[in-house]
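Engineer: To be precise about what I am sending: the file is called upload01.txt and holds compact mmCIF, C-alpha atoms.
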# COMPACT_ATOMS: atom_id res chain seq x y z
CA MET A 94 1.94 23.00 -50.74
CA LEU A 95 -0.66 24.91 -48.71
CA GLN A 96 -3.46 23.19 -50.64
CA ILE A 97 -1.96 19.74 -49.94
CA GLN A 98 -1.60 20.52 -46.23
CA LEU A 99 -5.17 21.83 -46.10
CA HIS A 100 -6.44 18.69 -47.88
CA PHE A 101 -4.73 16.39 -45.39
CA SER A 102 -5.93 18.50 -42.48
CA ILE A 103 -9.55 18.21 -43.65
CA ALA A 104 -9.19 14.47 -44.28
CA ASP A 105 -7.63 13.94 -40.85
CA CYS A 106 -10.39 15.97 -39.24
CA ILE A 107 -13.09 13.92 -40.95
CA MET A 108 -11.46 10.66 -39.92
CA PHE A 109 -11.11 11.90 -36.34
CA LEU A 110 -14.81 12.77 -36.24
CA ILE A 111 -15.81 9.39 -37.70
CA LYS A 112 -13.71 7.53 -35.14
CA ALA A 113 -15.10 9.66 -32.32
CA TRP A 114 -18.66 8.98 -33.50
CA ARG A 115 -18.00 5.23 -33.73
CA ALA A 116 -16.70 5.17 -30.16
CA SER A 117 -19.60 7.25 -28.87
CA ALA A 118 -22.25 5.28 -30.76
CA PHE A 119 -20.78 2.01 -29.52
CA ALA A 120 -20.63 3.21 -25.90
CA VAL A 121 -24.27 4.33 -25.89
CA TYR A 122 -25.57 1.32 -27.81
CA GLY A 123 -23.55 -1.00 -25.61
CA TYR A 124 -24.68 0.49 -22.33
CA LEU A 125 -28.30 0.22 -23.46
CA ASN A 126 -28.01 -3.36 -24.75
CA PHE A 127 -24.92 -5.28 -23.63
CA THR A 128 -25.12 -5.17 -19.82
CA GLN A 129 -26.64 -7.75 -17.49
CA SER A 130 -29.66 -5.55 -16.84
CA ALA A 131 -30.24 -5.40 -20.60
CA PHE A 132 -29.97 -9.20 -20.80
CA LEU A 133 -32.58 -9.58 -18.08
CA GLN A 134 -34.85 -7.19 -19.95
CA HIS A 135 -34.33 -8.96 -23.29
CA SER A 136 -34.83 -12.37 -21.67
CA LYS A 137 -38.46 -11.52 -20.97
CA LYS A 138 -39.08 -12.29 -24.64
CA PHE A 139 -37.13 -15.57 -24.64
CA LYS A 140 -39.04 -18.79 -25.20
CA GLU A 141 -38.26 -21.58 -22.74
CA GLU A 142 -38.97 -24.25 -25.34
CA ASP A 143 -36.15 -22.90 -27.54
CA MET A 144 -33.59 -24.34 -25.13
CA GLN A 145 -35.15 -27.74 -24.46
CA SER A 146 -33.82 -29.69 -27.47
CA ARG A 147 -31.31 -32.47 -26.94
CA LEU A 148 -28.00 -32.98 -28.73
CA ASP A 149 -27.47 -36.68 -28.09
CA GLY A 150 -25.21 -38.24 -30.72
CA GLN A 151 -23.82 -34.90 -31.88
CA ASN A 152 -20.10 -34.10 -31.83
CA CYS A 153 -19.26 -30.54 -30.83
CA ILE A 154 -15.89 -28.77 -30.77
CA VAL A 155 -15.51 -25.72 -28.53
CA THR A 156 -12.30 -23.70 -28.53
CA GLY A 157 -11.10 -21.79 -25.47
CA ALA A 158 -13.32 -24.03 -23.35
CA ASN A 159 -11.48 -24.01 -20.03
CA SER A 160 -13.07 -20.80 -18.69
CA GLY A 161 -15.59 -18.05 -19.32
CA ILE A 162 -18.00 -18.27 -22.22
CA GLY A 163 -16.21 -21.27 -23.70
CA PHE A 164 -16.59 -23.23 -20.46
CA ALA A 165 -20.26 -22.25 -20.15
CA THR A 166 -20.84 -23.26 -23.78
CA ALA A 167 -19.14 -26.64 -23.34
CA GLU A 168 -21.13 -27.26 -20.16
CA GLY A 169 -24.41 -26.27 -21.82
CA LEU A 170 -23.79 -28.60 -24.77
CA ALA A 171 -22.72 -31.47 -22.51
CA ALA A 172 -25.81 -31.01 -20.35
CA ARG A 173 -27.89 -31.63 -23.46
CA GLY A 174 -26.17 -34.88 -24.27
CA ALA A 175 -23.60 -33.82 -26.85
CA SER A 176 -20.12 -35.31 -27.12
CA VAL A 177 -17.98 -32.25 -26.46
CA TYR A 178 -14.36 -31.78 -27.48
CA MET A 179 -12.77 -28.95 -25.50
CA VAL A 180 -9.86 -27.34 -27.33
CA CYS A 181 -7.61 -25.63 -24.78
CA ARG A 182 -4.06 -24.30 -24.79
CA SER A 183 -3.30 -25.34 -21.21
CA LYS A 184 -3.47 -29.08 -20.45
CA GLU A 185 -3.67 -28.43 -16.71
CA ARG A 186 -6.52 -25.88 -16.88
CA GLY A 187 -8.26 -27.95 -19.52
CA GLU A 188 -8.20 -31.07 -17.35
CA THR A 189 -9.65 -29.13 -14.41
CA ALA A 190 -12.46 -27.74 -16.59
CA LEU A 191 -13.10 -31.15 -18.11
CA SER A 192 -13.50 -32.75 -14.68
CA GLN A 193 -15.86 -29.99 -13.56
CA ILE A 194 -18.10 -30.34 -16.62
CA GLN A 195 -18.27 -34.13 -16.38
CA SER A 196 -19.16 -33.84 -12.69
CA LYS A 197 -21.78 -31.12 -13.17
CA THR A 198 -23.52 -32.66 -16.17
CA GLY A 199 -23.01 -36.37 -15.56
CA ASN A 200 -21.92 -36.61 -19.20
CA GLN A 201 -18.67 -38.54 -19.52
CA ASN A 202 -18.45 -37.93 -23.27
CA VAL A 203 -16.45 -34.76 -22.76
CA TYR A 204 -12.87 -34.77 -24.01
CA LEU A 205 -9.83 -32.51 -23.89
CA GLU A 206 -7.82 -31.58 -26.98
CA VAL A 207 -4.68 -29.52 -26.29
CA CYS A 208 -3.82 -27.00 -28.99
CA ASP A 209 -2.31 -23.52 -29.08
CA LEU A 210 -4.62 -21.66 -31.46
CA SER A 211 -2.01 -18.96 -32.07
CA SER A 212 0.01 -21.55 -33.99
CA VAL A 213 -0.98 -22.59 -37.51
CA SER A 214 1.24 -25.66 -37.27
CA GLU A 215 -0.41 -26.80 -34.02
CA ILE A 216 -3.87 -26.27 -35.51
CA LYS A 217 -2.90 -28.41 -38.49
CA SER A 218 -1.59 -31.14 -36.19
CA PHE A 219 -4.80 -31.05 -34.18
CA ALA A 220 -6.91 -31.17 -37.34
CA ASP A 221 -4.94 -34.14 -38.68
CA LYS A 222 -5.34 -36.02 -35.40
CA PHE A 223 -9.01 -35.23 -35.09
CA THR A 224 -9.71 -36.13 -38.72
CA SER A 225 -8.24 -39.57 -38.05
CA LYS A 226 -11.13 -40.19 -35.64
CA GLU A 227 -13.41 -40.16 -38.71
CA LEU A 228 -16.15 -38.47 -36.73
CA PRO A 229 -18.70 -36.10 -38.22
CA VAL A 230 -18.57 -32.65 -36.59
CA HIS A 231 -22.03 -31.26 -36.02
CA LEU A 232 -20.91 -28.05 -34.36
CA LEU A 233 -17.73 -25.99 -34.26
CA VAL A 234 -17.74 -23.09 -31.80
CA ASN A 235 -14.90 -20.64 -32.48
CA ASN A 236 -14.77 -19.08 -29.04
CA ALA A 237 -11.05 -18.78 -28.23
CA GLY A 238 -9.87 -15.19 -28.28
CA ILE A 239 -7.32 -12.80 -26.85
CA LEU A 240 -6.87 -9.10 -26.24
CA GLU A 241 -3.17 -8.35 -25.85
CA HIS A 242 -2.34 -4.66 -25.47
CA LYS A 243 1.32 -4.94 -26.46
CA ARG A 244 2.60 -5.97 -29.86
CA ILE A 245 3.74 -9.57 -29.46
CA MET A 246 4.80 -11.71 -32.40
CA THR A 247 4.30 -15.48 -32.46
CA LEU A 248 7.11 -17.87 -33.38
CA GLU A 249 5.51 -18.09 -36.83
CA GLY A 250 5.83 -14.32 -37.27
CA PHE A 251 2.23 -13.22 -36.74
CA GLU A 252 0.90 -10.53 -34.41
CA LEU A 253 -0.62 -12.42 -31.46
CA ASN A 254 -4.16 -10.98 -31.42
CA PHE A 255 -4.50 -11.56 -35.14
CA ALA A 256 -2.97 -15.04 -34.90
CA VAL A 257 -5.56 -16.27 -32.38
CA ASN A 258 -8.66 -14.25 -33.27
CA VAL A 259 -8.45 -14.31 -37.05
CA LEU A 260 -5.84 -16.64 -38.53
CA GLY A 261 -6.50 -19.38 -35.98
CA THR A 262 -10.26 -19.12 -36.46
CA TYR A 263 -9.87 -19.21 -40.25
CA THR A 264 -7.45 -22.14 -40.26
CA LEU A 265 -9.40 -24.34 -37.87
CA THR A 266 -12.70 -23.70 -39.64
CA GLU A 267 -11.32 -24.45 -43.09
CA LEU A 268 -9.64 -27.66 -41.90
CA MET A 269 -12.81 -28.86 -40.18
CA LEU A 270 -14.98 -28.41 -43.29
CA PRO A 271 -14.71 -32.03 -44.49
CA LEU A 272 -15.83 -33.28 -41.05
CA LEU A 273 -18.61 -30.70 -40.91
CA GLU A 274 -19.80 -31.90 -44.30
CA LYS A 275 -20.10 -35.39 -42.83
CA ALA A 276 -22.75 -33.98 -40.48
CA ALA A 277 -24.63 -32.05 -43.19
CA PRO A 278 -27.31 -30.82 -43.36
CA ASP A 279 -27.21 -30.36 -39.57
CA ALA A 280 -23.68 -28.93 -39.34
CA ARG A 281 -23.04 -25.42 -38.12
CA VAL A 282 -20.17 -23.11 -37.22
CA ILE A 283 -20.68 -20.46 -34.56
CA THR A 284 -18.02 -17.78 -34.12
CA VAL A 285 -18.03 -15.72 -30.93
CA SER A 286 -17.33 -12.17 -32.04
CA SER A 287 -17.74 -9.00 -29.98
CA GLY A 288 -19.59 -5.72 -30.00
CA GLY A 289 -16.13 -4.19 -30.23
CA MET A 290 -16.36 -4.82 -33.97
CA TYR A 291 -18.86 -1.94 -34.20
CA THR A 292 -15.95 0.48 -33.72
CA SER A 293 -13.93 -0.82 -36.66
CA PRO A 294 -14.28 -1.24 -40.41
CA LEU A 295 -12.43 -3.97 -42.26
CA THR A 296 -8.84 -3.17 -43.15
CA ILE A 297 -6.24 -5.06 -45.13
CA ASP A 298 -3.68 -4.07 -42.47
CA LEU A 299 -4.38 -7.32 -40.65
CA GLN A 300 -1.34 -7.22 -38.39
CA PHE A 301 -1.51 -3.52 -37.50
CA SER A 302 1.70 -2.73 -39.34
CA GLU A 303 0.76 0.90 -39.89
CA GLY A 304 0.78 3.47 -37.10
CA GLU A 305 1.23 3.02 -33.38
CA PHE A 306 -0.04 -0.36 -32.20
CA ASN A 307 -3.24 -0.34 -30.14
CA GLY A 308 -4.41 -3.68 -28.78
CA MET A 309 -8.00 -2.56 -28.23
CA THR A 310 -8.27 -1.26 -31.79
CA GLN A 311 -6.70 -4.46 -33.11
CA TYR A 312 -9.21 -6.52 -31.16
CA GLY A 313 -12.11 -4.59 -32.70
CA ARG A 314 -10.61 -5.07 -36.16
CA ASN A 315 -10.21 -8.80 -35.52
CA LYS A 316 -13.81 -9.14 -34.44
CA ARG A 317 -14.99 -7.28 -37.54
CA VAL A 318 -13.05 -9.76 -39.69
CA GLN A 319 -14.81 -12.65 -37.90
CA VAL A 320 -18.22 -11.25 -38.82
CA ALA A 321 -17.20 -10.66 -42.44
CA LEU A 322 -15.58 -14.12 -42.63
CA THR A 323 -18.86 -15.65 -41.48
CA GLU A 324 -20.61 -13.91 -44.37
CA LYS A 325 -17.93 -15.15 -46.75
CA TRP A 326 -18.17 -18.75 -45.55
CA ALA A 327 -21.97 -18.71 -45.73
CA GLU A 328 -21.83 -17.67 -49.37
CA LYS A 329 -18.84 -19.77 -50.41
CA TYR A 330 -20.13 -23.00 -48.85
CA LYS A 331 -23.88 -22.44 -49.20
CA ASP A 332 -24.34 -25.79 -50.97
CA LYS A 333 -22.48 -27.89 -48.39
CA GLY A 334 -25.21 -28.13 -45.75
CA ILE A 335 -23.27 -26.08 -43.18
CA GLY A 336 -24.73 -23.03 -41.42
CA PHE A 337 -22.33 -20.24 -40.45
CA TYR A 338 -23.24 -17.76 -37.71
CA SER A 339 -21.43 -15.10 -35.71
CA MET A 340 -22.66 -13.72 -32.41
CA HIS A 341 -21.97 -11.19 -29.69
CA PRO A 342 -22.22 -12.38 -26.06
CA GLY A 343 -22.72 -8.92 -24.58
CA TRP A 344 -20.48 -7.50 -21.88
CA ALA A 345 -19.69 -10.51 -19.71
CA GLY A 346 -17.57 -10.64 -16.58
CA THR A 347 -15.27 -13.42 -17.73
CA PRO A 348 -11.70 -14.03 -16.51
CA GLY A 349 -10.45 -12.88 -19.91
CA VAL A 350 -12.26 -9.56 -19.68
CA ALA A 351 -11.10 -9.01 -16.10
CA LYS A 352 -7.50 -9.57 -17.18
CA SER A 353 -7.47 -7.58 -20.42
CA MET A 354 -9.81 -4.74 -19.40
CA PRO A 355 -9.59 -4.32 -15.61
CA GLY A 356 -10.81 -0.73 -15.66
CA PHE A 357 -13.86 -1.64 -17.71
CA SER A 358 -14.61 -4.59 -15.42
CA GLN A 359 -14.37 -2.42 -12.33
CA LYS A 360 -16.52 0.35 -13.78
CA LEU A 361 -19.32 -2.04 -14.74
CA SER A 362 -18.93 -4.31 -11.71
CA GLY A 363 -22.35 -5.65 -10.77
CA ASN A 364 -23.79 -5.09 -14.23
CA LEU A 365 -21.67 -7.44 -16.35
CA ARG A 366 -23.27 -10.60 -17.64
CA THR A 367 -22.36 -13.98 -16.25
CA SER A 368 -20.50 -16.41 -18.49
CA GLU A 369 -23.71 -18.43 -18.78
CA GLU A 370 -25.62 -15.37 -19.94
CA GLY A 371 -22.85 -14.64 -22.43
CA ALA A 372 -23.06 -18.20 -23.76
CA ASP A 373 -26.85 -18.21 -23.95
CA THR A 374 -27.05 -17.21 -27.62
CA VAL A 375 -24.34 -19.71 -28.58
CA ILE A 376 -26.44 -22.53 -27.10
CA TRP A 377 -29.58 -21.08 -28.68
CA LEU A 378 -27.93 -21.04 -32.11
CA ALA A 379 -26.85 -24.66 -31.64
CA LEU A 380 -30.40 -25.77 -30.82
CA GLN A 381 -32.60 -23.90 -33.28
CA PRO A 382 -33.88 -25.51 -36.49
CA LYS A 383 -31.64 -24.19 -39.25
CA ASP A 384 -34.61 -22.90 -41.23
CA LYS A 385 -35.17 -20.37 -38.42
CA LEU A 386 -31.65 -18.99 -38.78
CA VAL A 387 -29.86 -16.91 -41.42
CA SER A 388 -26.52 -18.35 -42.47
CA GLY A 389 -23.99 -15.51 -42.44
CA GLY A 390 -26.05 -13.65 -39.85
CA PHE A 391 -24.83 -11.90 -36.71
CA TYR A 392 -26.80 -12.74 -33.57
CA PHE A 393 -27.26 -11.20 -30.15
CA ASP A 394 -29.63 -12.20 -27.34
CA ARG A 395 -31.37 -14.87 -29.44
CA ALA A 396 -32.12 -12.60 -32.38
CA GLU A 397 -30.41 -11.42 -35.55
CA ALA A 398 -28.65 -8.13 -34.87
CA PRO A 399 -27.30 -5.30 -37.04
CA LYS A 400 -23.68 -5.60 -38.15
CA HIS A 401 -23.20 -1.85 -38.40
CA LEU A 402 -24.28 1.11 -36.29
CA PRO A 403 -25.79 4.18 -38.02
CA PHE A 404 -23.40 6.63 -39.69
CA THR A 405 -20.25 4.74 -38.62
CA ALA A 406 -19.03 4.10 -42.19
CA THR A 407 -18.18 0.43 -41.64
CA LYS A 408 -20.58 -1.30 -44.05
CA GLY A 409 -18.76 -0.46 -47.25
CA SER A 410 -15.53 -1.94 -45.92
CA HIS A 411 -16.88 -5.49 -46.24
CA VAL A 412 -15.95 -5.42 -49.93
CA LEU A 413 -12.40 -6.13 -48.70
CA ILE A 414 -13.26 -9.60 -47.40
CA ASP A 415 -12.35 -11.40 -50.65
CA SER A 416 -8.83 -9.94 -50.51
CA ILE A 417 -8.56 -10.70 -46.79
CA TYR A 418 -9.76 -14.26 -47.35
CA ASP A 419 -7.07 -14.82 -49.97
CA THR A 420 -4.43 -13.39 -47.63
CA LEU A 421 -5.52 -15.71 -44.82
CA ARG A 422 -5.45 -18.69 -47.14
CA SER A 423 -1.88 -17.81 -48.13
CA MET A 424 -0.78 -17.28 -44.52
CA SER A 425 -2.32 -20.56 -43.38
CA GLY A 426 -0.78 -22.53 -46.21
CA ILE A 427 -4.10 -24.25 -46.94
CA PRO A 428 -4.35 -25.03 -50.67
CA ALA A 429 -7.15 -23.26 -52.52
CA GLN A 430 -8.78 -26.55 -53.40
CA HIS A 431 -8.23 -28.19 -49.99
CA GLN A 432 -11.88 -28.54 -49.07
CA LYS A 433 -12.91 -29.84 -52.47
CA VAL A 434 -10.19 -32.50 -52.50
CA GLU A 435 -10.89 -33.61 -48.93
CA ALA A 436 -14.64 -33.81 -49.55
CA THR A 437 -14.01 -35.93 -52.65
CA GLN A 438 -11.76 -38.30 -50.71
CA ASN A 439 -14.40 -38.74 -48.03
Output the structure of this file as structure tokens.
Structural biologist:
Amino acid sequence: MLQIQLHFSIADCIMFLIKAWRASAFAVYGYLNFTQSAFLQHSKKFKEEDMQSRLDGQNCIVTGANSGIGFATAEGLAARGASVYMVCRSKERGETALSQIQSKTGNQNVYLEVCDLSSVSEIKSFADKFTSKELPVHLLVNNAGILEHKRIMTLEGFELNFAVNVLGTYTLTELMLPLLEKAAPDARVITVSSGGMYTSPLTIDLQFSEGEFNGMTQYGRNKRVQVALTEKWAEKYKDKGIGFYSMHPGWAGTPGVAKSMPGFSQKLSGNLRTSEEGADTVIWLALQPKDKLVSGGFYFDRAEAPKHLPFTATKGSHVLIDSIYDTLRSMSGIPAQHQKVEATQN
């Protein structure tokens, strides 16, 4: 009995030290790289010509587009001539954002699609309706996200953070594949992750069923899944002419951050990035020739970035993505051969 207790004590101690190191490494790395001052420093190496391409004739879907990075992304795409479909949960806020973007850019080809991305059934309804338009989708930006500190379950029985950040992202991306294939070889999917993923390895406990719920930890886990999913998609669909990329916007002072992390926002007030600075790499990824990009890669400030910090023991966890992918497919109710059948029909 003493040996068992000693074993668990050592194991717990090691895990505590690893978690403490992850948090410390992330805090230091973030302060050095994710702030507005860091963006201004990094931007000295940016090339102006990288952002001068046009997107006329391209159809782009941006989720969570009524504020923050999603709004800045939609505006940036519209300013370059794209037809932009803003997917928002709130019709009222979406209509306000839509009007602002049309006014600012002079582009009237900006449209509102109302969908609650925490609901698999609503995502399927949206996908069915959008598919009926028979439009190729050149770009899907998975930007919508949430950080809810309390455990809240959706009507479909999923933990809310997971439902929006992971299951919603998975379901929408998989259902858009046939339309993305129509735009191949120029199609791409960009998923807005977060540096918070550096603090978390992958885990099969997708809904935080074990232990005391922690919304911040769950958010980091969700964002790690997004990065691993991007790798999975890049490999699984490498022959379909679709590029898959994840990115980190840095620490931006968006309405979402102010609401979910008020202490963090106050502490870094004056040194948080603007929404436009946070969206900069999303726009950059949308504009670059695909042969300059690495499908499955994780990007930050217009460059490929590491997916793991040193000695944080997160890299090995990515072997779990196949199991996680199968779980998401089961939860979403999307048949295993959905994409193949749809592509054949088209």
Engineer: Which of these, A:Pro399, A:Gly238, A:Pro355, A:Gly123, has the shortest distance to A:Gly163 once you count all atoms listed in the file?
Structural biologist: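 Going through A:Pro399, A:Gly238, A:Pro355, A:Gly123 one by one, the smallest distance to A:Gly163 is for A:Gly238.
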Engineer: From the list A:Val207, A:His401, A:Val230, A:Glu141, which residue is nearest A:Val177 when using all atoms listed in the file?
Structural biologist: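 Distance minimum relative to A:Val177 lands on A:Val230.
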Engineer: Could you jot down the atom CA of A:Phe223 to atom CA of A:Gly336 separation for me, Å, one decimal place?
Structural biologist: 20.9 Å
Engineer: Tell me which of A:Gln195, A:Val257, A:Leu233, A:His135 sits closest to A:Glu215, counting all atoms listed in the file.
Structural biologist: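 Going through A:Gln195, A:Val257, A:Leu233, A:His135 one by one, the smallest distance to A:Glu215 is for A:Val257.
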Engineer: Env of stretch 371-381 of chain A: 10 Å cut, atoms = all atoms listed in the file, seq-sep filter 6 positions within chain, self excluded. Answer as a PyMOL selection string.
Structural biologist: chain A and resi 127+129+132+143-148+153+161-170+173+231-234+236+279-285+338-347+365+392-396
Engineer: With 10 Å as the threshold, what does the neighbourhood of (-13.2, -13.6, -38.5) contain in terms of residues, counting only C-alpha atoms? Coordinates are those of the file; answer as a PyMOL selection string.
Structural biologist: chain A and resi 235+255+258-263+284-286+314-325+339+414+417-418
Engineer: Show which residues sit within 12 Å of A:Gln201, as a ChimeraX atom specification. Count only C-alpha atoms, and ignore same-chain residues fewer than 3 positions away.
Structural biologist: /A:168,171-172,174-178,191-198,204-205
Engineer: Would you list the contacts of A:Thr405 as a list in words, taking every protein, DNA or RNA residue within 8 Å and counting all atoms listed in the file, but skipping same-chain residues closer than 6 positions in sequence?
Structural biologist: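 So, after excluding close chain neighbours, the residues are Ile111, Lys112, Trp114, Arg115 and Thr292 of chain A.
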Engineer: Which one of A:Ala190, A:Leu402, A:Ile427, A:Ala237 sits closest to A:Tyr122 if you count only C-alpha atoms?
Structural biologist: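 Using only C-alpha atoms, A:Tyr122 sits closest to A:Leu402.
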Engineer: Give me the residues near A:Leu248 as a PyMOL selection string, where near means some atom within 10 Å (using only C-alpha atoms) and where sequence neighbours in that chain fewer than 4 positions away do not count.
Structural biologist: chain A and resi 211-212+252-253
Engineer: Got a sec: who's within 10 Å of A:Thr224, counting only C-alpha atoms, leaving out chain neighbours fewer than 6 positions off, as a ChimeraX atom specification?
Structural biologist: /A:218,230,268-269,271-272
Engineer: Rank A:Leu228, A:Thr310, A:Pro294, A:Gln134 by their smallest atom-to-atom distance to A:Asn254, using only C-alpha atoms, and report the top residue only.
Structural biologist: A:Thr310
Engineer: In terms of the shortest atom-to-atom distance over only C-alpha atoms, which of A:Ser214, A:Thr264, A:Thr367, A:Gln311 is closest to A:Ser160?
Structural biologist: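 Result for the nearest residue to A:Ser160: A:Thr367.
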Engineer: To test the calculation: enclose all listed atoms of stretch 124-135 of chain A in a box whose edges run along x, y and z, add 4 Å on each side, then state centre and edge lengths in Å to one decimal, as JSON.
Structural biologist:
{"center_x": -29.8, "center_y": -4.5, "center_z": -20.8, "size_x": 18.2, "size_y": 18.1, "size_z": 15.9}
Engineer: One decimal, Å: what's the distance from atom CA of A:Met290 over to atom CA of A:Ala118, could you say?
Structural biologist: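 Computed distance, atom CA of A:Met290 to atom CA of A:Ala118, equals 12.1 Å.
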Engineer: One decimal, Å: what's the distance from atom CA of A:Gly426 over to atom CA of A:Gly389, could you say?
Structural biologist: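 Atom-to-atom, atom CA of A:Gly426 and atom CA of A:Gly389 are spaced 24.5 Å apart.
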